[in-house]
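Here's the structure, in structure tokens; my notes come after.
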Amino acid sequence: MYSKKTFDSKVFKNKDFTKESFEGSRLSDCTFLNCNLSNVSFSQASPQGVVFKGCKILGVDFSRCNTLLLDFTFDHSTISMSTFSALNLKGVLFDSCEVFDCDFIQTNLSNSDFKNSNLRGSRFQNCDLS
């Protein structure tokens with residue numbers, strides 16, 4: 001339903017996207033507000049300027065996104081058992097998030113901000129944390 005589509009400045013509010021697929025979609029300046037994104041596929045999706053606010057994100061492999069112009073922000077969200085490996089997340093904001101058991105392997109996190117976030121159980125290996 002959401003695969004191979006273009007979403008510009010779309011606000012998704014209080015939606016349950018469990019197991020949905022945004023595969024191959026372009027999301028530009030979109031906001032997910034209080035959404036459940038458990039086990040969502042973003043394979044080859046292009047998130048640019050996407051904000052996740054108050055969301056539950058479980059088991060999402062962000063490393064499968066199209067990395068060209070990849071840009072997102074996480075605000076007051078719970079992110080668990082998700083993968084951010086081998087991505088350029090330079091300057092990405094994780095504000096007041098619970099980032100539990102996530103993988104950041106060979107991830108560029110330079111100038112990223114995890115302010116007021118709990119990183120319990122998350123793995124950072126060979127990352128740029130400058």
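Here's how to read the names in the structure tokens: chain A, B, ... by the order shown, residue numbers from 1 in each chain, ligand numbers from 1 in the order shown.
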**OP:** Compile the contact shell of Gly59 in chain A as JSON, numbers by chain: residues with an atom at most 6 Å away, counting only C-alpha atoms, same-chain residues fewer than 4 positions apart removed.
**Re:** {"A": [39, 81, 82]}
For the residues in the current selection, export N, CA, C and O atoms as a compact mmCIF listing (two decimals), in the first residue's frame.
# COMPACT_ATOMS: atom_id res chain seq x y z
N ASN A 39 8.49 -3.50 12.73
CA ASN A 39 8.81 -4.39 11.62
C ASN A 39 8.43 -3.83 10.24
O ASN A 39 8.06 -4.56 9.33
N MET A 81 15.75 -2.84 18.83
CA MET A 81 16.13 -3.94 17.95
C MET A 81 16.15 -3.52 16.48
O MET A 81 15.68 -4.23 15.60
N SER A 82 16.67 -2.32 16.23
CA SER A 82 16.76 -1.79 14.87
C SER A 82 18.21 -1.64 14.46
O SER A 82 19.11 -1.62 15.30
Original post:
Which neighbours of range 9-22 of chain A fall inside 10 Å, counting only C-alpha atoms, when residues of the same chain fewer than 5 positions from it are skipped, and could you give them as JSON, numbers by chain?
Top reply: {"A": [1, 2, 3, 4, 27, 28, 29, 30, 31, 32, 33, 34, 35, 36, 37, 38, 39, 40, 41, 42, 43, 44, 45, 46, 47, 49, 50, 51, 52, 53, 54, 55, 56, 57, 58, 59, 60, 65]}
At a cut-off of 6 Å, using only C-alpha atoms, what residues contact range 113-119 of chain A? Leave out same-chain residues fewer than 3 positions from it and give the result as a compact mmCIF listing (two decimals) with all heavy atoms, in the first residue's frame.
# COMPACT_ATOMS: atom_id res chain seq x y z
N LEU A 93 19.63 13.82 14.91
CA LEU A 93 19.20 14.08 16.28
C LEU A 93 18.33 12.94 16.78
O LEU A 93 17.36 12.55 16.13
CB LEU A 93 18.41 15.39 16.34
CG LEU A 93 17.79 15.76 17.68
CD1 LEU A 93 18.86 15.97 18.75
CD2 LEU A 93 16.93 17.01 17.53
N PHE A 94 18.71 12.40 17.95
CA PHE A 94 17.91 11.45 18.70
C PHE A 94 17.59 12.17 20.01
O PHE A 94 18.36 12.12 20.96
CB PHE A 94 18.70 10.17 19.00
CG PHE A 94 19.04 9.33 17.80
CD1 PHE A 94 20.12 9.63 16.99
CD2 PHE A 94 18.28 8.21 17.49
CE1 PHE A 94 20.45 8.84 15.91
CE2 PHE A 94 18.61 7.40 16.40
CZ PHE A 94 19.68 7.73 15.61
N ASP A 95 16.49 12.89 20.07
CA ASP A 95 16.16 13.72 21.23
C ASP A 95 15.19 12.98 22.16
O ASP A 95 14.07 12.64 21.76
CB ASP A 95 15.54 15.04 20.76
CG ASP A 95 15.26 16.00 21.91
OD1 ASP A 95 15.66 15.73 23.06
OD2 ASP A 95 14.62 17.03 21.65
N SER A 96 15.65 12.74 23.38
CA SER A 96 14.81 12.12 24.42
C SER A 96 14.20 10.80 23.95
O SER A 96 13.01 10.56 24.12
CB SER A 96 13.72 13.09 24.87
OG SER A 96 14.27 14.31 25.33
N CYS A 97 15.04 9.96 23.36
CA CYS A 97 14.59 8.67 22.84
C CYS A 97 15.10 7.52 23.70
O CYS A 97 16.10 7.64 24.40
CB CYS A 97 15.11 8.48 21.41
SG CYS A 97 14.38 9.61 20.21
N GLU A 98 14.40 6.42 23.62
CA GLU A 98 14.88 5.15 24.17
C GLU A 98 15.39 4.36 22.97
O GLU A 98 14.60 3.94 22.12
CB GLU A 98 13.75 4.42 24.88
CG GLU A 98 13.24 5.17 26.10
CD GLU A 98 12.08 4.47 26.78
OE1 GLU A 98 11.39 3.66 26.13
OE2 GLU A 98 11.86 4.76 27.96
N VAL A 99 16.70 4.20 22.90
CA VAL A 99 17.34 3.51 21.78
C VAL A 99 17.91 2.20 22.35
O VAL A 99 19.04 2.15 22.79
CB VAL A 99 18.45 4.39 21.15
CG1 VAL A 99 19.04 3.72 19.91
CG2 VAL A 99 17.91 5.78 20.81
N PHE A 100 17.07 1.17 22.38
CA PHE A 100 17.41 -0.07 23.05
C PHE A 100 17.81 -1.16 22.06
O PHE A 100 17.11 -1.40 21.07
CB PHE A 100 16.23 -0.60 23.87
CG PHE A 100 15.80 0.29 25.01
CD1 PHE A 100 14.51 0.22 25.50
CD2 PHE A 100 16.67 1.18 25.60
CE1 PHE A 100 14.11 1.03 26.55
CE2 PHE A 100 16.28 1.99 26.65
CZ PHE A 100 14.99 1.91 27.13
N SER A 122 22.48 -0.94 23.22
CA SER A 122 22.83 -0.66 21.82
C SER A 122 24.32 -0.87 21.61
O SER A 122 25.13 -0.65 22.51
CB SER A 122 22.42 0.76 21.44
OG SER A 122 21.02 0.86 21.37
**OP:** Just list the residues in range 15-110 of chain A DSSP gives strand (DSSP E or B) on the backbone, as a count of residues only.
**Re:** 42
**OP:** Can you work out which one of A:Phe104, A:Phe74, A:Phe124, A:Phe84 has the shortest atom-to-atom distance to Phe62 in chain A, counting only C-alpha atoms?
**Re:**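 Checking each candidate against Phe62 in chain A, we get A:Phe84 as the closest.
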